[in-house]
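K.L.:
Structure file coords.txt, compact mmCIF, C-alpha atoms and all ligand atoms, is pasted below:
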# COMPACT_ATOMS: atom_id res chain seq x y z
CA MET A 1 31.10 -48.89 36.87
CA LYS A 2 28.61 -46.25 38.12
CA LYS A 3 29.94 -43.82 35.55
CA ASN A 4 29.27 -46.32 32.73
CA VAL A 5 25.67 -46.82 33.86
CA ILE A 6 25.11 -43.05 33.83
CA ILE A 7 26.56 -42.77 30.33
CA ILE A 8 24.35 -45.62 29.09
CA ILE A 9 21.23 -44.08 30.68
CA ALA A 10 22.11 -40.66 29.21
CA GLY A 11 22.60 -42.30 25.80
CA VAL A 12 19.23 -44.04 26.00
CA VAL A 13 17.53 -40.77 26.98
CA VAL A 14 19.10 -38.90 24.04
CA VAL A 15 18.09 -41.64 21.60
CA ALA A 16 14.56 -41.61 23.04
CA ILE A 17 14.26 -37.81 22.72
CA VAL A 18 15.51 -37.91 19.14
CA ALA A 19 13.12 -40.77 18.31
CA VAL A 20 10.11 -38.95 19.82
CA GLY A 21 11.14 -35.80 17.92
CA VAL A 22 11.35 -37.68 14.64
CA ILE A 23 7.97 -39.35 15.23
CA LEU A 24 6.34 -36.00 16.09
CA MET A 25 7.83 -34.32 13.04
CA THR A 26 6.78 -37.03 10.63
CA THR A 27 3.21 -37.28 11.98
CA ARG A 28 2.86 -33.48 11.87
CA GLY A 29 4.19 -33.46 8.34
CA ARG A 30 1.75 -36.18 7.34
CA GLU A 31 -1.19 -34.39 9.01
CA GLU A 32 -0.42 -31.20 7.12
CA ALA A 33 -0.19 -33.04 3.83
CA VAL A 34 -3.48 -34.83 4.41
CA ALA A 35 -5.70 -32.46 6.35
CA GLY A 36 -3.83 -29.21 6.91
CA PRO A 37 -5.57 -25.99 5.89
CA GLN A 38 -4.84 -24.72 2.40
CA ARG A 39 -3.69 -21.14 2.81
CA LEU A 40 -4.01 -19.02 -0.30
CA ASN A 41 -3.32 -15.33 -0.85
CA MET A 42 -5.38 -13.08 -3.09
CA GLY A 43 -4.12 -9.91 -4.73
CA ALA A 44 -6.86 -7.31 -4.48
CA GLY A 45 -6.60 -3.64 -5.47
CA TRP A 46 -7.06 -0.25 -3.92
CA VAL A 47 -8.22 -0.05 -0.31
CA THR A 48 -10.63 2.71 -1.47
CA GLY A 49 -11.75 0.70 -4.52
CA VAL A 50 -14.06 -2.30 -4.89
CA TYR A 51 -11.60 -5.21 -5.32
CA TYR A 52 -10.43 -4.90 -1.73
CA PRO A 53 -13.83 -5.06 0.04
CA LEU A 54 -14.92 -7.81 -2.37
CA ALA A 55 -11.79 -9.87 -1.77
CA GLY A 56 -12.44 -9.41 1.95
CA SER A 57 -15.91 -10.88 1.52
CA MET A 58 -14.43 -13.86 -0.39
CA SER A 59 -12.04 -14.40 2.49
CA ARG A 60 -15.03 -14.39 4.90
CA VAL A 61 -16.82 -16.96 2.72
CA ALA A 62 -13.71 -19.17 2.75
CA HIS A 63 -13.39 -18.86 6.51
CA ALA A 64 -17.03 -19.63 7.28
CA HIS A 65 -18.08 -21.99 4.50
CA ILE A 66 -15.13 -23.72 2.82
CA ASP A 67 -13.51 -26.46 4.88
CA GLY A 68 -9.74 -26.22 5.20
CA LEU A 69 -9.31 -23.14 3.01
CA SER A 70 -8.14 -19.78 4.26
CA LEU A 71 -7.61 -16.70 2.15
CA THR A 72 -5.47 -13.68 2.97
CA VAL A 73 -6.09 -10.49 1.04
CA GLU A 74 -3.36 -8.10 -0.12
CA SER A 75 -4.02 -4.56 -1.35
CA SER A 76 -2.08 -3.46 -4.41
CA GLY A 77 -1.93 -1.11 -7.41
CA ALA A 78 -4.25 -3.74 -8.95
CA SER A 79 -4.58 -5.43 -12.36
CA VAL A 80 -1.11 -5.12 -13.90
CA VAL A 81 0.93 -5.77 -10.77
CA ASN A 82 -1.47 -8.57 -9.73
CA SER A 83 -0.98 -10.24 -13.12
CA ASN A 84 2.80 -10.04 -12.85
CA LEU A 85 2.68 -11.48 -9.31
CA ILE A 86 0.60 -14.42 -10.58
CA GLY A 87 3.31 -14.91 -13.22
CA SER A 88 6.12 -14.87 -10.65
CA GLY A 89 4.22 -17.28 -8.36
CA ASP A 90 3.91 -14.74 -5.53
CA LEU A 91 0.10 -14.65 -5.70
CA ASP A 92 -2.23 -17.66 -5.76
CA LEU A 93 -5.38 -15.75 -6.71
CA ALA A 94 -6.07 -12.20 -7.84
CA ILE A 95 -8.76 -9.82 -9.03
CA VAL A 96 -7.93 -8.15 -12.34
CA GLN A 97 -9.65 -6.39 -15.23
CA ASN A 98 -10.54 -8.69 -18.14
CA ASP A 99 -8.67 -6.52 -20.68
CA VAL A 100 -5.48 -6.69 -18.59
CA ALA A 101 -5.87 -10.46 -18.06
CA TYR A 102 -6.02 -10.87 -21.84
CA TYR A 103 -2.93 -8.72 -22.45
CA ALA A 104 -1.01 -10.43 -19.63
CA TYR A 105 -1.84 -14.01 -20.65
CA ASN A 106 -1.07 -13.37 -24.32
CA GLY A 107 2.02 -11.21 -23.73
CA LEU A 108 0.61 -8.09 -25.40
CA LEU A 109 0.55 -4.29 -25.10
CA ARG A 110 3.07 -3.66 -22.33
CA GLU A 111 6.78 -4.37 -22.31
CA ASP A 112 6.57 -6.39 -19.08
CA PHE A 113 3.84 -8.64 -20.52
CA GLN A 114 5.70 -8.99 -23.83
CA ARG A 115 8.87 -9.99 -22.02
CA ASN A 116 7.13 -12.36 -19.58
CA PRO A 117 3.66 -13.44 -20.74
CA VAL A 118 1.60 -14.59 -17.75
CA SER A 119 0.84 -17.94 -19.36
CA ASN A 120 0.16 -19.63 -15.98
CA MET A 121 -2.90 -17.42 -15.39
CA ARG A 122 -6.30 -19.14 -15.48
CA GLY A 123 -9.79 -17.66 -15.21
CA LEU A 124 -12.22 -18.52 -12.40
CA PHE A 125 -15.22 -16.19 -12.95
CA THR A 126 -16.06 -12.61 -13.92
CA LEU A 127 -17.49 -10.17 -11.39
CA TYR A 128 -19.03 -6.78 -12.41
CA PRO A 129 -18.52 -3.98 -14.97
CA GLU A 130 -15.85 -1.42 -14.18
CA PRO A 131 -16.46 1.87 -15.97
CA VAL A 132 -13.57 4.13 -16.86
CA GLN A 133 -14.44 7.08 -14.61
CA LEU A 134 -12.68 10.29 -15.61
CA VAL A 135 -13.18 12.58 -12.64
CA ALA A 136 -12.44 16.30 -12.94
CA ARG A 137 -12.72 19.30 -10.64
CA ALA A 138 -15.96 21.07 -11.53
CA ASP A 139 -13.97 24.30 -12.01
CA SER A 140 -11.39 22.71 -14.36
CA GLY A 141 -13.30 23.36 -17.59
CA ILE A 142 -12.77 19.73 -18.67
CA ARG A 143 -15.86 18.54 -20.55
CA THR A 144 -14.40 15.97 -22.98
CA PRO A 145 -11.22 13.85 -23.06
CA SER A 146 -9.70 16.35 -25.57
CA ASP A 147 -9.88 19.05 -22.89
CA LEU A 148 -7.20 17.15 -20.93
CA ALA A 149 -4.55 18.80 -23.18
CA GLY A 150 -2.42 21.12 -21.04
CA LYS A 151 -3.96 19.84 -17.76
CA ARG A 152 -2.42 18.05 -14.80
CA VAL A 153 -3.84 14.53 -14.80
CA ALA A 154 -3.56 11.50 -12.50
CA VAL A 155 -3.39 8.70 -15.08
CA GLY A 156 -3.97 5.80 -12.66
CA PRO A 157 -1.81 4.18 -9.97
CA LEU A 158 1.41 2.40 -10.93
CA GLY A 159 0.59 -1.17 -11.86
CA SER A 160 -3.12 -0.48 -12.36
CA GLY A 161 -5.48 -1.35 -15.14
CA ALA A 162 -6.76 2.21 -14.78
CA GLU A 163 -3.45 3.44 -16.23
CA VAL A 164 -3.83 1.10 -19.22
CA ASN A 165 -7.29 2.56 -19.89
CA ALA A 166 -6.22 6.18 -19.27
CA LEU A 167 -3.47 5.93 -21.90
CA GLN A 168 -5.95 4.44 -24.40
CA VAL A 169 -8.46 7.26 -23.72
CA LEU A 170 -5.71 9.83 -24.32
CA GLU A 171 -4.81 8.04 -27.57
CA ALA A 172 -8.45 8.05 -28.67
CA ALA A 173 -8.43 11.82 -28.10
CA GLY A 174 -5.28 12.15 -30.21
CA LEU A 175 -3.20 13.01 -27.13
CA SER A 176 -0.09 11.56 -25.56
CA GLU A 177 1.35 12.06 -22.09
CA GLY A 178 3.55 14.82 -23.50
CA ASP A 179 0.43 16.90 -24.29
CA LEU A 180 -0.48 17.06 -20.58
CA ALA A 181 0.96 19.66 -18.21
CA ALA A 182 1.70 16.69 -15.90
CA ALA A 183 0.92 12.96 -15.86
CA GLU A 184 0.94 11.69 -12.28
CA ARG A 185 0.95 8.06 -11.17
CA LEU A 186 -0.51 8.21 -7.68
CA GLU A 187 -2.07 5.63 -5.42
CA ALA A 188 -5.88 5.93 -5.83
CA GLY A 189 -6.59 7.65 -2.49
CA GLU A 190 -3.69 10.00 -3.08
CA ALA A 191 -5.04 10.92 -6.54
CA ALA A 192 -8.34 11.89 -4.90
CA ASP A 193 -6.47 14.02 -2.33
CA TYR A 194 -4.50 15.77 -5.09
CA LEU A 195 -7.73 16.49 -6.97
CA ARG A 196 -9.41 17.85 -3.84
CA ASP A 197 -6.41 20.09 -3.12
CA GLY A 198 -6.15 21.35 -6.71
CA ARG A 199 -2.78 19.70 -7.33
CA VAL A 200 -4.27 17.85 -10.32
CA ASP A 201 -7.25 18.86 -12.51
CA ALA A 202 -8.49 15.35 -13.34
CA ALA A 203 -7.95 11.72 -12.40
CA PHE A 204 -8.74 8.41 -14.08
CA PHE A 205 -10.29 5.58 -12.05
CA THR A 206 -11.37 2.32 -13.68
CA VAL A 207 -13.42 1.07 -10.79
CA GLY A 208 -16.85 -0.30 -9.83
CA ILE A 209 -19.69 2.22 -9.61
CA GLY A 210 -19.90 3.77 -6.14
CA ALA A 211 -16.25 3.18 -5.14
CA SER A 212 -15.46 5.08 -1.96
CA VAL A 213 -12.46 6.80 -3.57
CA ILE A 214 -14.87 8.85 -5.74
CA ALA A 215 -17.83 8.92 -3.32
CA ASP A 216 -15.74 10.48 -0.53
CA LEU A 217 -14.11 12.96 -2.89
CA ALA A 218 -17.51 14.17 -4.17
CA VAL A 219 -18.49 15.08 -0.61
CA ALA A 220 -15.32 17.16 -0.13
CA GLN A 221 -15.03 18.87 -3.54
CA ARG A 222 -17.37 19.78 -6.47
CA ILE A 223 -16.46 17.30 -9.20
CA THR A 224 -17.82 16.07 -12.52
CA VAL A 225 -17.52 12.67 -14.15
CA VAL A 226 -16.52 13.52 -17.71
CA SER A 227 -18.35 11.52 -20.38
CA ILE A 228 -16.24 9.36 -22.69
CA ASP A 229 -18.85 8.91 -25.42
CA GLY A 230 -19.51 9.72 -29.08
CA ARG A 231 -16.40 9.58 -31.26
CA TYR A 232 -14.19 8.84 -28.24
CA ALA A 233 -16.16 5.72 -27.33
CA ASP A 234 -16.41 4.68 -31.01
CA ARG A 235 -12.65 4.95 -31.38
CA LEU A 236 -11.97 3.06 -28.12
CA GLN A 237 -14.33 0.26 -29.14
CA GLU A 238 -12.49 0.03 -32.47
CA MET A 239 -9.18 -0.12 -30.62
CA GLU A 240 -10.26 -2.75 -28.06
CA ASP A 241 -12.93 -5.46 -28.04
CA PHE A 242 -13.20 -5.28 -24.27
CA TYR A 243 -14.85 -1.87 -24.07
CA ALA A 244 -18.64 -1.84 -23.64
CA ARG A 245 -20.82 1.25 -23.23
CA ALA A 246 -21.80 2.12 -19.67
CA THR A 247 -23.83 4.76 -17.87
CA ILE A 248 -23.01 6.17 -14.48
CA PRO A 249 -26.40 7.27 -13.13
CA ALA A 250 -26.92 10.79 -11.80
CA ASP A 251 -26.42 11.09 -8.04
CA THR A 252 -24.22 8.00 -7.79
CA TYR A 253 -21.89 10.59 -6.26
CA THR A 254 -23.05 13.70 -4.36
CA GLN A 255 -24.18 16.40 -6.82
CA VAL A 256 -22.70 14.64 -9.86
CA GLY A 257 -24.84 14.29 -13.00
CA GLU A 258 -25.16 11.27 -15.31
CA ALA A 259 -22.14 10.32 -17.41
CA GLN A 260 -21.70 8.02 -20.41
CA THR A 261 -18.50 6.06 -20.61
CA ILE A 262 -16.93 2.75 -21.53
CA ALA A 263 -16.37 -0.20 -19.20
CA VAL A 264 -14.35 -3.37 -18.82
CA VAL A 265 -15.22 -6.30 -16.51
CA SER A 266 -13.44 -7.41 -13.34
CA MET A 267 -12.65 -11.08 -12.78
CA VAL A 268 -10.97 -13.55 -10.44
CA VAL A 269 -7.92 -15.45 -11.69
CA ALA A 270 -5.69 -18.16 -10.20
CA ARG A 271 -2.36 -19.79 -10.91
CA GLU A 272 -2.79 -22.94 -12.98
CA ASP A 273 -0.84 -25.06 -10.44
CA ILE A 274 -3.34 -24.51 -7.60
CA PRO A 275 -4.98 -27.97 -7.24
CA GLU A 276 -8.21 -28.55 -9.12
CA ASP A 277 -10.24 -29.55 -6.07
CA VAL A 278 -9.15 -26.44 -4.13
CA ILE A 279 -10.33 -24.13 -6.90
CA TYR A 280 -13.51 -26.18 -7.37
CA ARG A 281 -14.37 -25.83 -3.68
CA PHE A 282 -13.51 -22.12 -3.73
CA VAL A 283 -15.72 -21.36 -6.76
CA ALA A 284 -18.58 -23.50 -5.43
CA GLY A 285 -18.25 -21.79 -2.03
CA ILE A 286 -18.49 -18.31 -3.56
CA PHE A 287 -21.54 -19.09 -5.70
CA GLY A 288 -23.16 -20.92 -2.81
CA ASN A 289 -22.81 -17.82 -0.61
CA LEU A 290 -23.36 -14.90 -2.96
CA GLY A 291 -25.22 -12.97 -0.24
CA VAL A 292 -21.89 -12.33 1.50
CA ILE A 293 -20.42 -10.92 -1.72
CA HIS A 294 -23.53 -8.83 -2.43
CA SER A 295 -23.47 -7.18 0.96
CA ALA A 296 -19.76 -6.20 0.71
CA HIS A 297 -20.30 -3.36 -1.81
CA GLN A 298 -23.04 -2.09 -4.14
CA ALA A 299 -20.97 -3.21 -7.19
CA GLY A 300 -20.77 -6.68 -5.63
CA ARG A 301 -24.53 -7.05 -6.17
CA MET A 302 -23.79 -7.44 -9.88
CA VAL A 303 -21.95 -10.72 -9.28
CA THR A 304 -24.28 -13.52 -10.45
CA LEU A 305 -23.91 -17.12 -11.58
CA GLU A 306 -25.67 -16.30 -14.89
CA THR A 307 -23.06 -13.69 -15.85
CA ALA A 308 -20.04 -15.45 -14.32
CA LEU A 309 -18.51 -16.37 -17.68
CA ASP A 310 -19.43 -13.17 -19.59
CA GLY A 311 -16.30 -11.41 -20.81
CA MET A 312 -13.98 -14.29 -19.78
CA PRO A 313 -10.87 -13.63 -21.93
CA ILE A 314 -8.52 -16.53 -20.96
CA PRO A 315 -8.85 -20.32 -20.44
CA LEU A 316 -10.63 -21.48 -17.28
CA HIS A 317 -8.85 -23.24 -14.43
CA PRO A 318 -9.85 -26.96 -14.45
CA GLY A 319 -11.53 -26.53 -11.04
CA ALA A 320 -13.70 -23.70 -12.39
CA GLU A 321 -14.31 -25.65 -15.60
CA ARG A 322 -15.69 -28.54 -13.52
CA PHE A 323 -17.95 -26.25 -11.47
CA PHE A 324 -19.46 -24.48 -14.50
CA ARG A 325 -19.86 -27.79 -16.36
CA GLU A 326 -21.91 -29.10 -13.41
CA GLN A 327 -24.05 -25.93 -13.67
CA GLY A 328 -24.69 -26.71 -17.34
CA MET A 329 -22.82 -23.56 -18.38
CA ARG A 330 -20.02 -25.24 -20.36
N1 LIG A 401 -9.71 -1.72 -11.84
C1 LIG A 401 -8.66 -1.17 -11.04
C2 LIG A 401 -7.34 -1.55 -11.68
O1 LIG A 401 -6.99 -2.63 -11.89
C3 LIG A 401 -8.74 -1.56 -9.56
C4 LIG A 401 -10.05 -1.17 -8.94
C5 LIG A 401 -10.26 -1.61 -7.52
O2 LIG A 401 -9.29 -1.75 -6.78
O3 LIG A 401 -11.43 -1.79 -7.16
O4 LIG A 401 -6.61 -0.73 -11.98
Could you render the structure from this file as structure tokens?
P.N.:
Amino acid sequence: MKKNVIIIIAGVVVVAIVAVGVILMTTRGREEAVAGPQRLNMGAGWVTGVYYPLAGSMSRVAHAHIDGLSLTVESSGASVVNSNLIGSGDLDLAIVQNDVAYYAYNGLLREDFQRNPVSNMRGLFTLYPEPVQLVARADSGIRTPSDLAGKRVAVGPLGSGAEVNALQVLEAAGLSEGDLAAAERLEAGEAADYLRDGRVDAAFFTVGIGASVIADLAVAQRITVVSIDGRYADRLQEMEDFYARATIPADTYTQVGEAQTIAVVSMVVAREDIPEDVIYRFVAGIFGNLGVIHSAHQAGRMVTLETALDGMPIPLHPGAERFFREQGMR
């Protein structure tokens, strides 16, 4: 008799525990669906570049000013790998060059893009011009892109837009990788170290003006920024609509004179399946707090509402579309 009572009580307790557990789980689940924070990740670029500090400032804006949205930032090789990770669904947002976004979305230029066009990529807004900065040791004798023949050259990190541009500059000079003594694919900071130590003669960086990767190198080693102008720039502009002329002012980097070159534009992209209202609140939050972006890096000061659709090469995300329509820009 006593034993039966104990079994019944134990049974009731187990049922009660299970019931409480189920109730807790379902309410938690419902809370997350209704009011839980939206956690997004953003593919940035080189730690010593501009994407990374700028993405960090966007994460700070989200944290402080956009309810229920948090943004984690991931460093990477940059434009090409970021595009492919948008395609595979591993990134929610990313910063990429506008030329690479165009190639990725339309399945052009590279084998990976041709095989798997990144058709789920949508544009949010463009950021600032990124000049192709061909940096050489001052003692290398490199004065024009043609002088790269027979030299050891860092042609941009693996998965970067810089590599895409470097190969086009070589082509415009009538060169291929085979004409170089070596073509290295090094992480950006590593390329600067190699250049400082004389292990390469020149390195390509497509990056915002004043990026620390070049600024720090100029302090450690006499360098020049080689102009990509005249017939080289003409040819590149014939090859690609995305190239605009750009000037890198004297003394941007310690003891480095003015250089003329060509530039693309950086931009923020998202996967098309990120909900419209999330992207709308993100874009509105960024343009409502531009001061945070401007203070992250000197190139960030070029981010403005007025220029936010200049150079946009792919369709806008509906959330961005709504924001710019409200601003009278669409
Ligand atoms: N524009 C570079 C690239 O995609 C990245 C520059 C940066 O990280 O600031 O290759």
K.L.:
Select, from A:Leu158, A:Ala244, A:Leu217, A:Val278, the residue with the minimum atom-to-atom distance to ligand LIG 401 (chain A), counting all atoms listed in the file.
P.N.:
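For ligand LIG 401 (chain A), the nearest of the given residues is A:Leu158.
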K.L.:
Which one of A:Ala94, A:Leu71, A:Met329, A:Ile86 sits closest to ligand LIG 401 (chain A) if you count all atoms listed in the file?
P.N.:
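The closest residue to ligand LIG 401 (chain A) is A:Ala94.
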K.L.:
Go through the chains and note each residue within 6 Å of ligand LIG 401 (chain A), using only C-alpha atoms and all ligand atoms, then give the set as a list of chain:residue names.
P.N.:
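Listed by chain and ascending number, the contacts are A:Gly45, A:Trp46, A:Gly49, A:Val50, A:Tyr51, A:Ala78, A:Ser79, A:Val96, A:Gln97, A:Ser160, A:Gly161, A:Ala162, A:Thr206, A:Val207.
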K.L.:
Find the residues around region 115-123 of chain A up to 12 Å (all atoms listed in the file counted), leave out those fewer than 4 positions away in its own chain, and share them as JSON, numbers by chain.
P.N.:
{"A": [80, 81, 82, 83, 84, 85, 86, 87, 88, 89, 91, 92, 93, 94, 95, 96, 97, 98, 100, 101, 102, 103, 104, 105, 106, 107, 108, 109, 110, 111, 127, 266, 267, 268, 269, 270, 271, 272, 273, 274, 276, 279, 283, 308, 309, 310, 311, 312, 313, 314, 315, 316, 317, 318, 319, 320, 321, 324]}
K.L.:
Pick the closest to Gly208 (chain A) from A:Arg281, A:His65, A:Arg330, A:His297: which is it, counting all atoms listed in the file?
P.N.:
A:His297
K.L.:
Smallest atom-to-atom distance to Leu195 (chain A): which of A:Arg245, A:Arg137, A:Arg222, A:Lys151, using all atoms listed in the file?
P.N.:
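Smallest separation from Leu195 (chain A) among the options: A:Arg137.
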K.L.:
Which residues come within 6 Å of Ala263 (chain A), counting all atoms listed in the file, excluding same-chain residues fewer than 3 positions away, as a list in words?
P.N.:
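Neighbouring residues, sequence-local ones excluded: Glu130, Pro131, Val132, Tyr243, Ala244 and Ala246 of chain A.
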K.L.:
Compare A:Ile286, A:Val153, A:Leu148, A:Val256 by their minimum atom-to-atom distance to Gly174 (chain A), counting all atoms listed in the file, and give me the closest one.
P.N.:
A:Leu148
K.L.:
Using only C-alpha atoms, which residue out of A:Ala166, A:Ile248, A:Ala154, A:Ala259 lies closest to Ala202 (chain A)?
P.N.:
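Smallest distance to Ala202 (chain A) is found for A:Ala154.
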K.L.:
Provide the CA of Ile293 (chain A) to CA of Leu40 (chain A) distance in Å, to one decimal place.
P.N.:
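About the pair CA of Ile293 (chain A) and CA of Leu40 (chain A): they are 18.4 Å apart.
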K.L.:
Measure the distance from CA of Thr252 (chain A) to CA of Gly210 (chain A) in Å and round it to one decimal.
P.N.:
6.3 Å
K.L.:
Do you know which residues are at most 9 Å from Gly56 (chain A) counting only C-alpha atoms, after dropping those on the same chain fewer than 3 positions away, and could you put them as an MDAnalysis selection string?
P.N.:
chainID A and resid 44 51:53 59:61 71:73 293 296
K.L.:
Keeping only C-alpha atoms, take the residues you just selected and write them out as a PDB file, in the frame of the given file.
P.N.:
ATOM      1  CA  ALA A  44      -6.860  -7.310  -4.480  1.00  0.00           C
ATOM      2  CA  TYR A  51     -11.600  -5.210  -5.320  1.00  0.00           C
ATOM      3  CA  TYR A  52     -10.430  -4.900  -1.730  1.00  0.00           C
ATOM      4  CA  PRO A  53     -13.830  -5.060   0.040  1.00  0.00           C
ATOM      5  CA  SER A  59     -12.040 -14.400   2.490  1.00  0.00           C
ATOM      6  CA  ARG A  60     -15.030 -14.390   4.900  1.00  0.00           C
ATOM      7  CA  VAL A  61     -16.820 -16.960   2.720  1.00  0.00           C
ATOM      8  CA  LEU A  71      -7.610 -16.700   2.150  1.00  0.00           C
ATOM      9  CA  THR A  72      -5.470 -13.680   2.970  1.00  0.00           C
ATOM     10  CA  VAL A  73      -6.090 -10.490   1.040  1.00  0.00           C
ATOM     11  CA  ILE A 293     -20.420 -10.920  -1.720  1.00  0.00           C
ATOM     12  CA  ALA A 296     -19.760  -6.200   0.710  1.00  0.00           C
TER      13      ALA A 296
END
K.L.:
What does the structure give for the distance between CA of Ala218 (chain A) and CA of Arg196 (chain A), in Å to one decimal?
P.N.:
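Value for the CA of Ala218 (chain A)-CA of Arg196 (chain A) distance: 8.9 Å.
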K.L.:
Do you know which residues are at most 9 Å from Thr307 (chain A) counting only C-alpha atoms, after dropping those on the same chain fewer than 5 positions away, and could you put them as a VMD selection string?
P.N.:
chain A and resid 125 to 128 302
K.L.:
Give as an NGL selection string the set of residues within 9 Å of the point (-22.9, 10.2, -5.6), where distances use the file's coordinates and only C-alpha atoms.
P.N.:
:A and (210 or 214-216 or 218-219 or 249-257)
K.L.:
Excluding same-chain residues fewer than 2 positions from Ile228 (chain A), what lies within 12 Å of it counting only C-alpha atoms, as an NGL selection string?
P.N.:
:A and (131-135 or 142-147 or 165-166 or 168-170 or 172-173 or 204 or 225-226 or 230-237 or 243-248 or 258-263)
